[in-house]
file protein13.cif (mmCIF, C-alpha atoms and all ligand atoms)
data_protein
#
loop_
_atom_site.group_PDB
_atom_site.id
_atom_site.type_symbol
_atom_site.label_atom_id
_atom_site.label_comp_id
_atom_site.auth_asym_id
_atom_site.auth_seq_id
_atom_site.Cartn_x
_atom_site.Cartn_y
_atom_site.Cartn_z
ATOM 1 C CA MET A 1 78.871 116.050 120.900
ATOM 2 C CA ILE A 2 80.456 114.136 118.034
ATOM 3 C CA LEU A 3 80.656 116.599 115.151
ATOM 4 C CA GLY A 4 81.083 114.053 112.344
ATOM 5 C CA ILE A 5 83.792 111.977 110.721
ATOM 6 C CA HIS A 6 87.330 113.373 111.194
ATOM 7 C CA HIS A 7 89.412 110.950 109.105
ATOM 8 C CA VAL A 8 89.621 107.391 107.836
ATOM 9 C CA THR A 9 92.943 105.529 108.043
ATOM 10 C CA ALA A 10 93.663 102.543 105.818
ATOM 11 C CA ILE A 11 96.645 100.360 104.912
ATOM 12 C CA ALA A 12 98.560 100.616 101.652
ATOM 13 C CA GLU A 13 101.502 98.679 100.313
ATOM 14 C CA ASP A 14 103.199 101.073 97.893
ATOM 15 C CA ALA A 15 103.462 104.815 98.559
ATOM 16 C CA GLN A 16 103.785 105.871 94.913
ATOM 17 C CA LYS A 17 100.780 103.837 93.767
ATOM 18 C CA ASN A 18 98.851 105.251 96.702
ATOM 19 C CA VAL A 19 99.708 108.839 95.691
ATOM 20 C CA ASP A 20 98.935 108.101 92.054
ATOM 21 C CA PHE A 21 95.433 106.985 92.990
ATOM 22 C CA TYR A 22 94.415 109.464 95.694
ATOM 23 C CA VAL A 23 96.045 112.557 94.155
ATOM 24 C CA LYS A 24 96.059 111.825 90.435
ATOM 25 C CA VAL A 25 92.823 109.820 90.095
ATOM 26 C CA LEU A 26 90.626 111.121 92.930
ATOM 27 C CA GLY A 27 92.108 114.636 92.866
ATOM 28 C CA LEU A 28 92.735 114.953 96.606
ATOM 29 C CA ARG A 29 95.634 117.021 97.894
ATOM 30 C CA MET A 30 98.506 115.445 99.803
ATOM 31 C CA ILE A 31 98.247 117.359 103.055
ATOM 32 C CA LYS A 32 100.971 115.759 105.107
ATOM 33 C CA LYS A 33 103.808 113.371 104.474
ATOM 34 C CA THR A 34 104.830 112.006 107.846
ATOM 35 C CA VAL A 35 105.449 108.677 109.582
ATOM 36 C CA ASN A 36 103.360 106.467 111.836
ATOM 37 C CA PHE A 37 104.184 108.001 115.233
ATOM 38 C CA ASP A 38 103.987 104.523 116.821
ATOM 39 C CA ASP A 39 106.133 102.878 114.106
ATOM 40 C CA PRO A 40 108.306 105.576 112.481
ATOM 41 C CA GLY A 41 109.786 103.370 109.734
ATOM 42 C CA VAL A 42 106.373 103.476 108.086
ATOM 43 C CA TYR A 43 104.850 106.358 106.139
ATOM 44 C CA HIS A 44 101.665 108.004 107.298
ATOM 45 C CA LEU A 45 100.271 109.849 104.273
ATOM 46 C CA TYR A 46 97.354 112.275 104.623
ATOM 47 C CA TYR A 47 95.079 113.358 101.778
ATOM 48 C CA GLY A 48 92.237 115.862 101.937
ATOM 49 C CA ASP A 49 90.898 119.141 100.606
ATOM 50 C CA GLY A 50 93.131 122.217 100.122
ATOM 51 C CA VAL A 51 93.917 122.662 103.797
ATOM 52 C CA GLY A 52 93.053 119.269 105.328
ATOM 53 C CA THR A 53 89.691 120.229 106.823
ATOM 54 C CA PRO A 54 88.564 117.597 109.361
ATOM 55 C CA GLY A 55 86.069 115.339 107.584
ATOM 56 C CA THR A 56 87.911 115.436 104.247
ATOM 57 C CA LEU A 57 90.892 113.381 105.450
ATOM 58 C CA MET A 58 91.796 109.981 104.075
ATOM 59 C CA THR A 59 95.094 108.680 105.473
ATOM 60 C CA PHE A 60 97.321 105.637 104.949
ATOM 61 C CA PHE A 61 99.969 103.653 106.734
ATOM 62 C CA VAL A 62 102.247 102.245 104.040
ATOM 63 C CA TYR A 63 103.679 98.834 104.904
ATOM 64 C CA ARG A 64 105.937 97.411 102.178
ATOM 65 C CA GLN A 65 105.452 93.830 101.094
ATOM 66 C CA ILE A 66 102.657 92.933 103.431
ATOM 67 C CA ARG A 67 99.979 90.447 102.562
ATOM 68 C CA GLN A 68 96.619 91.323 101.112
ATOM 69 C CA GLY A 69 93.959 92.013 103.736
ATOM 70 C CA VAL A 70 90.423 90.655 103.794
ATOM 71 C CA ARG A 71 87.412 92.886 104.138
ATOM 72 C CA GLY A 72 85.151 91.422 106.795
ATOM 73 C CA GLN A 73 83.371 91.540 110.098
ATOM 74 C CA GLY A 74 85.070 93.539 112.827
ATOM 75 C CA GLU A 75 86.147 96.456 110.678
ATOM 76 C CA THR A 76 85.108 99.361 108.503
ATOM 77 C CA VAL A 77 84.289 97.959 105.079
ATOM 78 C CA SER A 78 83.923 101.081 102.999
ATOM 79 C CA VAL A 79 84.311 104.847 102.850
ATOM 80 C CA THR A 80 81.961 107.047 100.839
ATOM 81 C CA PHE A 81 83.019 110.417 99.465
ATOM 82 C CA GLU A 82 80.523 113.103 98.621
ATOM 83 C CA VAL A 83 80.602 114.541 95.071
ATOM 84 C CA PRO A 84 78.451 117.258 93.421
ATOM 85 C CA VAL A 85 75.123 116.404 91.823
ATOM 86 C CA GLY A 86 75.534 115.614 88.137
ATOM 87 C CA SER A 87 79.169 114.504 88.416
ATOM 88 C CA LEU A 88 78.808 110.717 88.736
ATOM 89 C CA ASP A 89 78.685 109.993 85.008
ATOM 90 C CA ARG A 90 81.821 112.072 84.482
ATOM 91 C CA TRP A 91 83.445 110.185 87.363
ATOM 92 C CA ARG A 92 82.586 106.897 85.630
ATOM 93 C CA GLU A 93 84.227 108.159 82.441
ATOM 94 C CA ARG A 94 87.290 109.300 84.384
ATOM 95 C CA LEU A 95 87.686 105.989 86.230
ATOM 96 C CA ALA A 96 87.306 104.061 82.960
ATOM 97 C CA ARG A 97 89.828 106.285 81.158
ATOM 98 C CA LEU A 98 92.370 105.867 83.974
ATOM 99 C CA GLY A 99 91.980 102.080 84.060
ATOM 100 C CA VAL A 100 90.419 101.856 87.530
ATOM 101 C CA THR A 101 88.195 98.883 88.465
ATOM 102 C CA PHE A 102 84.794 100.308 89.316
ATOM 103 C CA GLY A 103 81.083 99.541 89.343
ATOM 104 C CA GLU A 104 77.788 100.890 90.485
ATOM 105 C CA GLU A 105 75.035 99.899 92.879
ATOM 106 C CA GLU A 106 72.037 101.443 94.535
ATOM 107 C CA ILE A 107 72.007 101.889 98.308
ATOM 108 C CA PHE A 108 68.881 103.298 99.978
ATOM 109 C CA GLY A 109 67.644 104.407 96.563
ATOM 110 C CA LYS A 110 70.778 106.395 95.692
ATOM 111 C CA ARG A 111 73.381 105.688 93.015
ATOM 112 C CA VAL A 112 76.754 104.797 94.442
ATOM 113 C CA VAL A 113 79.787 104.405 92.191
ATOM 114 C CA TRP A 114 82.398 102.226 93.865
ATOM 115 C CA ALA A 115 86.034 101.908 92.843
ATOM 116 C CA LEU A 116 88.986 99.840 94.004
ATOM 117 C CA ASP A 117 92.280 101.534 94.860
ATOM 118 C CA PRO A 118 95.608 99.859 93.850
ATOM 119 C CA VAL A 119 95.423 97.376 96.745
ATOM 120 C CA GLY A 120 91.707 96.692 96.455
ATOM 121 C CA LEU A 121 90.376 99.127 99.065
ATOM 122 C CA ARG A 122 86.785 99.961 98.232
ATOM 123 C CA ILE A 123 85.916 103.648 98.037
ATOM 124 C CA GLU A 124 82.516 104.971 97.023
ATOM 125 C CA LEU A 125 81.272 108.181 95.431
ATOM 126 C CA GLU A 126 77.769 109.502 96.023
ATOM 127 C CA GLU A 127 76.112 112.686 94.778
ATOM 128 C CA VAL A 128 74.981 115.033 97.549
ATOM 129 C CA ALA A 129 73.044 118.227 96.857
ATOM 130 C CA GLU A 130 74.009 120.507 99.724
ATOM 131 C CA SER A 131 77.675 121.426 99.612
ATOM 132 C CA THR A 132 79.709 120.774 102.734
ATOM 133 C CA LYS A 133 82.005 123.627 103.704
ATOM 134 C CA MET A 134 85.523 122.798 102.552
ATOM 135 C CA ASP A 135 88.518 124.279 100.791
ATOM 136 C CA VAL A 136 88.616 123.349 97.098
ATOM 137 C CA TRP A 137 92.243 122.741 96.085
ATOM 138 C CA SER A 138 93.090 124.698 92.958
ATOM 139 C CA GLY A 139 95.917 122.296 92.064
ATOM 140 C CA SER A 140 93.621 119.293 91.656
ATOM 141 C CA THR A 141 93.548 117.284 88.439
ATOM 142 C CA VAL A 142 89.759 116.987 88.898
ATOM 143 C CA PRO A 143 87.761 120.038 87.761
ATOM 144 C CA ALA A 144 86.255 121.985 90.700
ATOM 145 C CA GLU A 145 82.656 121.225 89.600
ATOM 146 C CA ASP A 146 83.315 117.480 90.050
ATOM 147 C CA ALA A 147 85.679 117.644 93.041
ATOM 148 C CA ILE A 148 85.297 115.283 95.988
ATOM 149 C CA ARG A 149 84.135 117.402 98.909
ATOM 150 C CA THR A 150 84.323 115.357 102.045
ATOM 151 C CA ILE A 151 83.812 111.910 103.534
ATOM 152 C CA ARG A 152 80.081 111.497 103.714
ATOM 153 C CA ARG A 153 79.926 108.131 105.352
ATOM 154 C CA VAL A 154 81.692 105.045 106.626
ATOM 155 C CA THR A 155 80.190 101.551 106.612
ATOM 156 C CA VAL A 156 81.116 99.339 109.547
ATOM 157 C CA ALA A 157 80.526 95.602 109.799
ATOM 158 C CA PRO A 158 80.584 94.636 113.492
ATOM 159 C CA PHE A 159 81.208 91.046 114.507
ATOM 160 C CA GLN A 160 77.998 89.030 114.534
ATOM 161 C CA VAL A 161 77.160 87.758 117.969
ATOM 162 C CA SER A 162 73.816 86.175 118.625
ATOM 163 C CA GLU A 163 71.907 85.076 121.675
ATOM 164 C CA GLY A 164 69.319 82.483 120.706
ATOM 165 C CA ASN A 165 68.022 83.579 117.317
ATOM 166 C CA GLN A 166 68.536 87.272 117.958
ATOM 167 C CA PRO A 167 71.685 89.096 116.877
ATOM 168 C CA VAL A 168 73.199 91.093 119.722
ATOM 169 C CA ARG A 169 73.317 94.720 118.658
ATOM 170 C CA ARG A 170 75.625 96.328 121.201
ATOM 171 C CA SER A 171 77.262 98.500 118.528
ATOM 172 C CA GLU A 172 73.921 100.046 117.648
ATOM 173 C CA GLU A 173 73.169 100.557 121.355
ATOM 174 C CA LEU A 174 76.449 102.426 121.830
ATOM 175 C CA PHE A 175 75.801 104.602 118.780
ATOM 176 C CA THR A 176 72.278 105.603 119.751
ATOM 177 C CA GLU A 177 72.398 105.637 123.536
ATOM 178 C CA LEU A 178 75.871 107.012 124.236
ATOM 179 C CA PHE A 179 76.792 108.839 121.022
ATOM 180 C CA GLY A 180 73.277 110.141 120.329
ATOM 181 C CA TRP A 181 73.322 109.004 116.691
ATOM 182 C CA GLU A 182 69.884 108.851 115.145
ATOM 183 C CA PRO A 183 68.798 105.905 112.967
ATOM 184 C CA ILE A 184 67.537 107.294 109.654
ATOM 185 C CA ALA A 185 67.123 104.290 107.329
ATOM 186 C CA ARG A 186 67.057 100.519 107.404
ATOM 187 C CA ASP A 187 66.989 97.870 104.715
ATOM 188 C CA SER A 188 66.887 94.070 104.942
ATOM 189 C CA HIS A 189 68.438 91.751 102.425
ATOM 190 C CA GLU A 190 68.075 88.016 102.105
ATOM 191 C CA SER A 191 70.893 85.713 101.124
ATOM 192 C CA GLU A 192 69.955 82.208 99.971
ATOM 193 C CA THR A 193 72.890 80.504 101.591
ATOM 194 C CA ARG A 194 73.868 82.526 104.637
ATOM 195 C CA GLY A 195 70.628 83.883 106.070
ATOM 196 C CA SER A 196 69.358 87.404 106.193
ATOM 197 C CA GLY A 197 71.202 90.580 106.892
ATOM 198 C CA PHE A 198 70.505 94.283 106.990
ATOM 199 C CA ARG A 199 71.977 97.715 106.645
ATOM 200 C CA GLU A 200 71.044 100.491 109.052
ATOM 201 C CA ARG A 201 72.035 104.131 108.596
ATOM 202 C CA PHE A 202 72.743 106.535 111.449
ATOM 203 C CA ARG A 203 73.199 110.293 111.353
ATOM 204 C CA ALA A 204 76.478 111.053 113.143
ATOM 205 C CA GLY A 205 76.842 114.836 113.322
ATOM 206 C CA VAL A 206 77.301 116.116 109.760
ATOM 207 C CA SER A 207 78.284 112.605 108.617
ATOM 208 C CA GLU A 208 76.621 109.210 108.443
ATOM 209 C CA VAL A 209 77.548 105.735 109.651
ATOM 210 C CA ASP A 210 76.053 102.598 108.104
ATOM 211 C CA VAL A 211 76.036 99.391 110.099
ATOM 212 C CA LEU A 212 76.133 96.394 107.806
ATOM 213 C CA ARG A 213 74.961 93.098 109.298
ATOM 214 C CA ASP A 214 75.898 90.680 106.550
ATOM 215 C CA PRO A 215 76.350 87.043 107.638
ATOM 216 C CA SER A 216 78.089 86.265 104.328
ATOM 217 C CA LEU A 217 81.041 88.491 105.314
ATOM 218 C CA GLY A 218 83.814 86.477 106.900
ATOM 219 C CA ARG A 219 86.218 87.617 109.591
ATOM 220 C CA ARG A 220 88.473 90.560 108.740
ATOM 221 C CA LEU A 221 92.160 90.350 108.104
ATOM 222 C CA ASN A 222 93.498 93.842 108.696
ATOM 223 C CA SER A 223 96.282 94.256 106.146
ATOM 224 C CA ALA A 224 96.831 95.884 102.720
ATOM 225 C CA GLY A 225 93.633 97.203 101.176
ATOM 226 C CA THR A 226 91.595 97.385 104.371
ATOM 227 C CA ILE A 227 90.635 100.193 106.721
ATOM 228 C CA HIS A 228 92.588 100.327 109.976
ATOM 229 C CA HIS A 229 90.374 102.717 111.938
ATOM 230 C CA ILE A 230 87.911 105.565 111.644
ATOM 231 C CA ALA A 231 88.108 108.817 113.556
ATOM 232 C CA PHE A 232 85.312 111.114 114.662
ATOM 233 C CA ARG A 233 85.555 114.808 115.475
ATOM 234 C CA ASN A 234 85.778 116.283 118.953
ATOM 235 C CA ALA A 235 85.556 120.097 118.864
ATOM 236 C CA ASP A 236 88.501 120.563 121.258
ATOM 237 C CA SER A 237 90.528 118.944 124.047
ATOM 238 C CA GLU A 238 87.921 119.814 126.648
ATOM 239 C CA SER A 239 85.231 117.954 124.730
ATOM 240 C CA GLN A 240 87.634 115.046 124.257
ATOM 241 C CA GLU A 241 88.384 114.833 127.996
ATOM 242 C CA ALA A 242 84.650 114.718 128.657
ATOM 243 C CA TRP A 243 84.237 111.884 126.105
ATOM 244 C CA LEU A 244 87.153 109.991 127.628
ATOM 245 C CA ALA A 245 85.477 110.093 131.030
ATOM 246 C CA THR A 246 82.075 109.143 129.567
ATOM 247 C CA LEU A 247 83.494 106.183 127.639
ATOM 248 C CA LEU A 248 85.379 104.838 130.652
ATOM 249 C CA ARG A 249 82.351 105.296 132.896
ATOM 250 C CA ASN A 250 80.335 103.223 130.408
ATOM 251 C CA GLY A 251 82.822 100.375 130.309
ATOM 252 C CA VAL A 252 84.447 101.254 126.966
ATOM 253 C CA HIS A 253 88.175 100.629 127.355
ATOM 254 C CA THR A 254 89.885 103.727 125.950
ATOM 255 C CA THR A 255 93.519 104.781 125.523
ATOM 256 C CA PRO A 256 94.820 107.911 127.224
ATOM 257 C CA VAL A 257 95.026 111.041 125.063
ATOM 258 C CA GLN A 258 97.734 110.681 122.378
ATOM 259 C CA GLU A 259 99.521 113.709 120.915
ATOM 260 C CA ARG A 260 99.264 113.467 117.116
ATOM 261 C CA ASN A 261 100.740 116.948 116.443
ATOM 262 C CA TYR A 262 97.934 117.951 114.070
ATOM 263 C CA PHE A 263 95.218 116.784 116.493
ATOM 264 C CA ARG A 264 94.875 114.863 119.761
ATOM 265 C CA SER A 265 93.353 111.417 119.877
ATOM 266 C CA ILE A 266 91.865 108.670 121.980
ATOM 267 C CA TYR A 267 91.237 105.150 120.659
ATOM 268 C CA PHE A 268 88.829 102.373 121.573
ATOM 269 C CA ARG A 269 87.105 99.391 119.983
ATOM 270 C CA GLU A 270 83.356 99.591 119.689
ATOM 271 C CA PRO A 271 81.566 96.437 120.900
ATOM 272 C CA GLY A 272 81.602 94.898 117.391
ATOM 273 C CA GLY A 273 85.399 95.042 117.206
ATOM 274 C CA VAL A 274 85.815 98.060 114.907
ATOM 275 C CA LEU A 275 88.654 100.408 115.932
ATOM 276 C CA PHE A 276 87.396 103.938 116.605
ATOM 277 C CA GLU A 277 89.309 107.135 117.311
ATOM 278 C CA PHE A 278 88.076 110.475 118.589
ATOM 279 C CA ALA A 279 90.287 113.304 117.252
ATOM 280 C CA THR A 280 90.224 117.025 117.980
ATOM 281 C CA ASP A 281 89.558 119.468 115.137
ATOM 282 C CA GLY A 282 92.708 121.444 115.926
ATOM 283 C CA PRO A 283 95.412 122.514 115.734
ATOM 284 C CA GLY A 284 95.416 121.325 112.085
ATOM 285 C CA PHE A 285 98.007 120.904 109.346
ATOM 286 C CA LEU A 286 99.384 124.426 109.060
ATOM 287 C CA ILE A 287 101.389 124.199 112.299
ATOM 288 C CA ASP A 288 104.580 123.076 110.538
ATOM 289 C CA GLU A 289 104.077 123.929 106.828
ATOM 290 C CA THR A 290 102.575 126.799 104.855
ATOM 291 C CA TYR A 291 99.410 126.399 102.762
ATOM 292 C CA GLU A 292 101.494 126.466 99.569
ATOM 293 C CA THR A 293 103.935 123.757 100.643
ATOM 294 C CA LEU A 294 101.570 121.344 102.451
ATOM 295 C CA GLY A 295 102.512 117.712 101.865
ATOM 296 C CA GLN A 296 105.750 118.389 100.012
ATOM 297 C CA ASN A 297 108.321 117.648 102.694
ATOM 298 C CA LEU A 298 108.743 114.848 105.204
ATOM 299 C CA MET A 299 107.437 116.258 108.472
ATOM 300 C CA LEU A 300 108.439 114.456 111.662
ATOM 301 C CA PRO A 301 107.199 114.744 115.243
ATOM 302 C CA PRO A 302 109.877 116.060 117.655
ATOM 303 C CA GLN A 303 110.375 112.607 119.242
ATOM 304 C CA VAL A 304 111.668 111.084 115.983
ATOM 305 C CA GLU A 305 113.315 114.144 114.419
ATOM 306 C CA ASP A 306 116.781 112.727 115.195
ATOM 307 C CA LEU A 307 115.952 109.667 113.043
ATOM 308 C CA ARG A 308 115.421 111.810 109.937
ATOM 309 C CA GLU A 309 118.558 110.684 108.144
ATOM 310 C CA GLN A 310 117.842 106.963 108.594
ATOM 311 C CA LEU A 311 114.185 107.469 107.689
ATOM 312 C CA ASN A 312 115.123 109.219 104.457
ATOM 313 C CA GLU A 313 117.062 106.091 103.569
ATOM 314 C CA VAL A 314 114.338 103.554 104.333
ATOM 315 C CA LEU A 315 111.244 105.451 103.197
ATOM 316 C CA GLN A 316 110.225 105.122 99.565
ATOM 317 C CA GLU A 317 110.717 108.192 97.384
ATOM 318 C CA ILE A 318 107.469 109.792 96.277
ATOM 319 C CA ASP A 319 106.911 111.797 93.097
ATOM 320 C CA LEU A 320 103.999 114.201 93.587
ATOM 321 C CA SER A 321 104.174 115.803 90.160
HETATM 322 ZN ZN ZN A 401 93.643 108.102 113.077
#
call {"tool": "encode", "arguments": {"input": "protein13.cif", "output": "C-alpha cells"}}
result
Amino acid sequence: MILGIHHVTAIAEDAQKNVDFYVKVLGLRMIKKTVNFDDPGVYHLYYGDGVGTPGTLMTFFVYRQIRQGVRGQGETVSVTFEVPVGSLDRWRERLARLGVTFGEEEIFGKRVVWALDPVGLRIELEEVAESTKMDVWSGSTVPAEDAIRTIRRVTVAPFQVSEGNQPVRRSEELFTELFGWEPIARDSHESETRGSGFRERFRAGVSEVDVLRDPSLGRRLNSAGTIHHIAFRNADSESQEAWLATLLRNGVHTTPVQERNYFRSIYFREPGGVLFEFATDGPGFLIDETYETLGQNLMLPPQVEDLREQLNEVLQEIDLS
C-alpha cells in the first residue's frame, strides 16, 4: 500500500533565499542540511514539521547560477500544503506584508492561495478541517494556529499523447489499477485556442494527486523553480521490495533500492514522464542529530565524509537565524 506523499523535491538557485522563504515566510523547520548524494557539491536542504514527519517534507537541490526552468508537461506542476481552517486570510496578509507574489483561485470549489517562491516555484495553501498528525515546531515564525501541517497534494501534468482523437491516459491507468488510487473528482475546462483539458483528483493514501491535462502547457524544462520529483511513502523496506517487484513485473523500469540515510528509495518515471520515488518512512532524521539541533550542521553520508573540508569551501553559507 502507498501510504501517501513522503516528500517533494524541487530545484533552487540560492540557498539563503530558499531558507528565507521556506523557514522565514512559510514557517517550516530546516530538518536536514546535507548534499545531493549523487552530486555532493550541491546542497540538499530538507524542510518539514518539527521532526521531519514523512508527508511534511519539502526538499531542494540548490544549483548555483542555473537557468530558469519552465513548468510544463512531464513534471509535477504544483505542491499544495494543508493549513488550518480560518487561516487563509491571515496567510494572504502575511504574504503581502513579506512582499511575496501570490494570488487566489478556486479548485474543485475550494479556495486555494498560491504563492511563488524566490525562483518562481508555485506552492499552494488550502484549508483542511481535519488535522493531520504532525509535530508542530515551536520555533516557527508562523503562529501554531496558522501553521502549515503537511503536503496535502501534488499536481502532475503528464505528457499528452493521443491516439486518434482520444488522449492516452496511461498515467491514470497506473494510478488506479496498480497503485489502487481512487478517482474522487473531475472537472473539464475549455480553452479557446488550445482545446479542452481537465483536472482529475485521486485519493492516494492520506494524500491526493491531481492529474492536470492542459494542452496549453508546453514541455517542461526541469531547472530552477521547478519540481524535480515526488516521493510516496512505503511503510518499510519489506513493502518497498514488494513494490519494486510489482513495478518491474508490470513493465515500469525502476532503479534498485538506493540508501538515502534517512530513508530508502526507488525511482521510476510514470508513463507521462513525471519522476516518481517510493521512500520508506524510516529510519528518519534523528539518526545523526538530536531534535534540538536538527538542520543546524552539515550532515554528510559516510561515502562523502572525507570531502567535508572541500564541501565547506564550495557550499554557500546559510544563516538560519
Ligand atoms: Zn526524493
call {"tool": "closest_atom_pairs", "arguments": {"input": "protein13.cif", "of": "chain A", "to": "ligand ZN 401 (chain A)", "cutoff": "12 Å", "atoms": "all atoms listed in the file", "output": "tab-separated table"}}
result
residue	atom	partner	partner_atom	distance
A:Ile5	CA	A:ZN401	ZN	10.8
A:His6	CA	A:ZN401	ZN	8.4
A:His7	CA	A:ZN401	ZN	6.5
A:Val8	CA	A:ZN401	ZN	6.6
A:Thr9	CA	A:ZN401	ZN	5.7
A:Ala10	CA	A:ZN401	ZN	9.1
A:Ile11	CA	A:ZN401	ZN	11.6
A:Asn36	CA	A:ZN401	ZN	9.9
A:Phe37	CA	A:ZN401	ZN	10.8
A:Asp38	CA	A:ZN401	ZN	11.6
A:His44	CA	A:ZN401	ZN	9.9
A:Leu45	CA	A:ZN401	ZN	11.2
A:Tyr46	CA	A:ZN401	ZN	10.1
A:Pro54	CA	A:ZN401	ZN	11.4
A:Gly55	CA	A:ZN401	ZN	11.8
A:Leu57	CA	A:ZN401	ZN	9.7
A:Met58	CA	A:ZN401	ZN	9.4
A:Thr59	CA	A:ZN401	ZN	7.8
A:Phe60	CA	A:ZN401	ZN	9.3
A:Phe61	CA	A:ZN401	ZN	10.0
A:Ile227	CA	A:ZN401	ZN	10.6
A:His228	CA	A:ZN401	ZN	8.4
A:His229	CA	A:ZN401	ZN	6.4
A:Ile230	CA	A:ZN401	ZN	6.4
A:Ala231	CA	A:ZN401	ZN	5.6
A:Phe232	CA	A:ZN401	ZN	9.0
A:Arg233	CA	A:ZN401	ZN	10.8
A:Gln258	CA	A:ZN401	ZN	10.5
A:Glu259	CA	A:ZN401	ZN	11.3
A:Arg260	CA	A:ZN401	ZN	8.8
A:Asn261	CA	A:ZN401	ZN	11.8
A:Tyr262	CA	A:ZN401	ZN	10.8
A:Phe263	CA	A:ZN401	ZN	9.5
A:Arg264	CA	A:ZN401	ZN	9.6
A:Ser265	CA	A:ZN401	ZN	7.6
A:Ile266	CA	A:ZN401	ZN	9.1
A:Tyr267	CA	A:ZN401	ZN	8.5
A:Phe268	CA	A:ZN401	ZN	11.3
A:Leu275	CA	A:ZN401	ZN	9.6
A:Phe276	CA	A:ZN401	ZN	8.3
A:Glu277	CA	A:ZN401	ZN	6.1
A:Phe278	CA	A:ZN401	ZN	8.2
A:Ala279	CA	A:ZN401	ZN	7.5
A:Thr280	CA	A:ZN401	ZN	10.7
call {"tool": "closest_residue", "arguments": {"input": "protein13.cif", "among": "A:Glu309, A:Glu238, A:Glu292, A:Glu93", "to": "Gly41 in chain A", "atoms": "only C-alpha atoms"}}
result
A:Glu309
call {"tool": "resolve_selection", "arguments": {"input": "protein13.cif", "expression": "the PyMOL selection byres (((chain A and resi 40) around 12) and not hetatm)", "output": "PyMOL selection string"}}
result
chain A and resi 34-39+41-44+61-63+298-308+310-312+314-315
call {"tool": "atom_distance", "arguments": {"input": "protein13.cif", "atom1": "CA of Val156 in chain A", "atom2": "CA of Val211 in chain A"}}
result
5.1 Å
call {"tool": "closest_residue", "arguments": {"input": "protein13.cif", "among": "A:Ser87, A:Thr254, A:Thr132, A:Asn297", "to": "Glu145 in chain A", "atoms": "all atoms listed in the file"}}
result
A:Ser87
call {"tool": "closest_atom_pairs", "arguments": {"input": "protein13.cif", "of": "range 217-259 of chain A", "to": "range 168-176 of chain A", "cutoff": "10 Å", "atoms": "all atoms listed in the file", "output": "CSV"}}
result
residue,atom,partner,partner_atom,distance
A:Leu247,CA,A:Leu174,CA,9.9
A:Asn250,CA,A:Leu174,CA,9.5
A:Val252,CA,A:Leu174,CA,9.6
call {"tool": "write_last_selection", "arguments": {"input": "protein13.cif", "atoms": "C-alpha atoms", "output": "PDB file, in the frame of the given file"}}
result
ATOM      1  CA  LEU A 247      83.494 106.183 127.639  1.00  0.00           C
ATOM      2  CA  ASN A 250      80.335 103.223 130.408  1.00  0.00           C
ATOM      3  CA  VAL A 252      84.447 101.254 126.966  1.00  0.00           C
TER       4      VAL A 252
END
call {"tool": "resolve_selection", "arguments": {"input": "protein13.cif", "expression": "the PyMOL selection byres (((chain A and resi 199) around 10) and not hetatm)", "output": "list in words"}}
result
Ile107, Phe108, Thr155, Val156, Ala157, Ala185, Arg186, Asp187, Ser188, His189, Gly197, Phe198, Glu200, Arg201, Asp210, Val211, Leu212, Arg213 and Asp214 of chain A
call {"tool": "resolve_selection", "arguments": {"input": "protein13.cif", "expression": "the PyMOL selection byres (((chain A and resi 207) around 9) and not hetatm)", "output": "NGL selection string"}}
result
:A and (3-5 or 55 or 151-154 or 202-206 or 208-209)
call {"tool": "atom_distance", "arguments": {"input": "protein13.cif", "atom1": "CA of Thr226 in chain A", "atom2": "CA of Ser78 in chain A"}}
result
8.6 Å
call {"tool": "atom_distance", "arguments": {"input": "protein13.cif", "atom1": "CA of Leu294 in chain A", "atom2": "CA of Ile31 in chain A"}}
result
5.2 Å
call {"tool": "closest_residue", "arguments": {"input": "protein13.cif", "among": "A:Met30, A:Pro158, A:Lys133, A:Arg111", "to": "Leu217 in chain A", "atoms": "all atoms listed in the file"}}
result
A:Pro158
call {"tool": "axis_aligned_box", "arguments": {"input": "protein13.cif", "around": "range 239-248 of chain A", "padding_each_side": "8 Å", "output": "lines of an AutoDock Vina configuration file"}}
result
center_x = 85.2
center_y = 111.4
center_z = 127.6
size_x = 22.3
size_y = 29.1
size_z = 22.8
call {"tool": "closest_atom_pairs", "arguments": {"input": "protein13.cif", "of": "range 4-35 of chain A", "to": "range 99-106 of chain A", "cutoff": "12 Å", "atoms": "only C-alpha atoms", "output": "JSON lines"}}
result
{"residue": "A:Asp20", "atom": "CA", "partner": "A:Val100", "partner_atom": "CA", "distance": 11.5}
{"residue": "A:Phe21", "atom": "CA", "partner": "A:Val100", "partner_atom": "CA", "distance": 9.0}
{"residue": "A:Tyr22", "atom": "CA", "partner": "A:Val100", "partner_atom": "CA", "distance": 11.9}
{"residue": "A:Lys24", "atom": "CA", "partner": "A:Val100", "partner_atom": "CA", "distance": 11.8}
{"residue": "A:Val25", "atom": "CA", "partner": "A:Val100", "partner_atom": "CA", "distance": 8.7}
{"residue": "A:Leu26", "atom": "CA", "partner": "A:Val100", "partner_atom": "CA", "distance": 10.7}
call {"tool": "residues_around", "arguments": {"input": "protein13.cif", "residues": "Asp49 in chain A", "least_positions_apart": "2", "cutoff": "10 Å", "atoms": "all atoms listed in the file", "output": "ChimeraX atom specification"}}
result
/A:27-31,47,51-58,134-138,140,147-150
call {"tool": "closest_residue", "arguments": {"input": "protein13.cif", "among": "A:Gly86, A:Glu177, A:Val79, A:Leu320", "to": "Arg122 in chain A", "atoms": "all atoms listed in the file"}}
result
A:Val79
call {"tool": "residues_near_point", "arguments": {"input": "protein13.cif", "point": "(80.0, 107.6, 88.0)", "cutoff": "8 Å", "atoms": "all atoms listed in the file", "output": "ChimeraX atom specification"}}
result
/A:87-93,104,112-113,125
call {"tool": "closest_residue", "arguments": {"input": "protein13.cif", "among": "A:Ile318, A:Val85, A:Val161, A:Val19", "to": "Gly273 in chain A", "atoms": "all atoms listed in the file"}}
result
A:Val161
call {"tool": "residues_around", "arguments": {"input": "protein13.cif", "residues": "Pro84 in chain A", "least_positions_apart": "3", "cutoff": "6 Å", "atoms": "all atoms listed in the file", "output": "list of chain:residue names"}}
result
A:Ser87, A:Glu127, A:Val128, A:Asp146
call {"tool": "closest_residue", "arguments": {"input": "protein13.cif", "among": "A:Val83, A:Leu178, A:Ile184, A:Ala96", "to": "Ala144 in chain A", "atoms": "all atoms listed in the file"}}
result
A:Val83
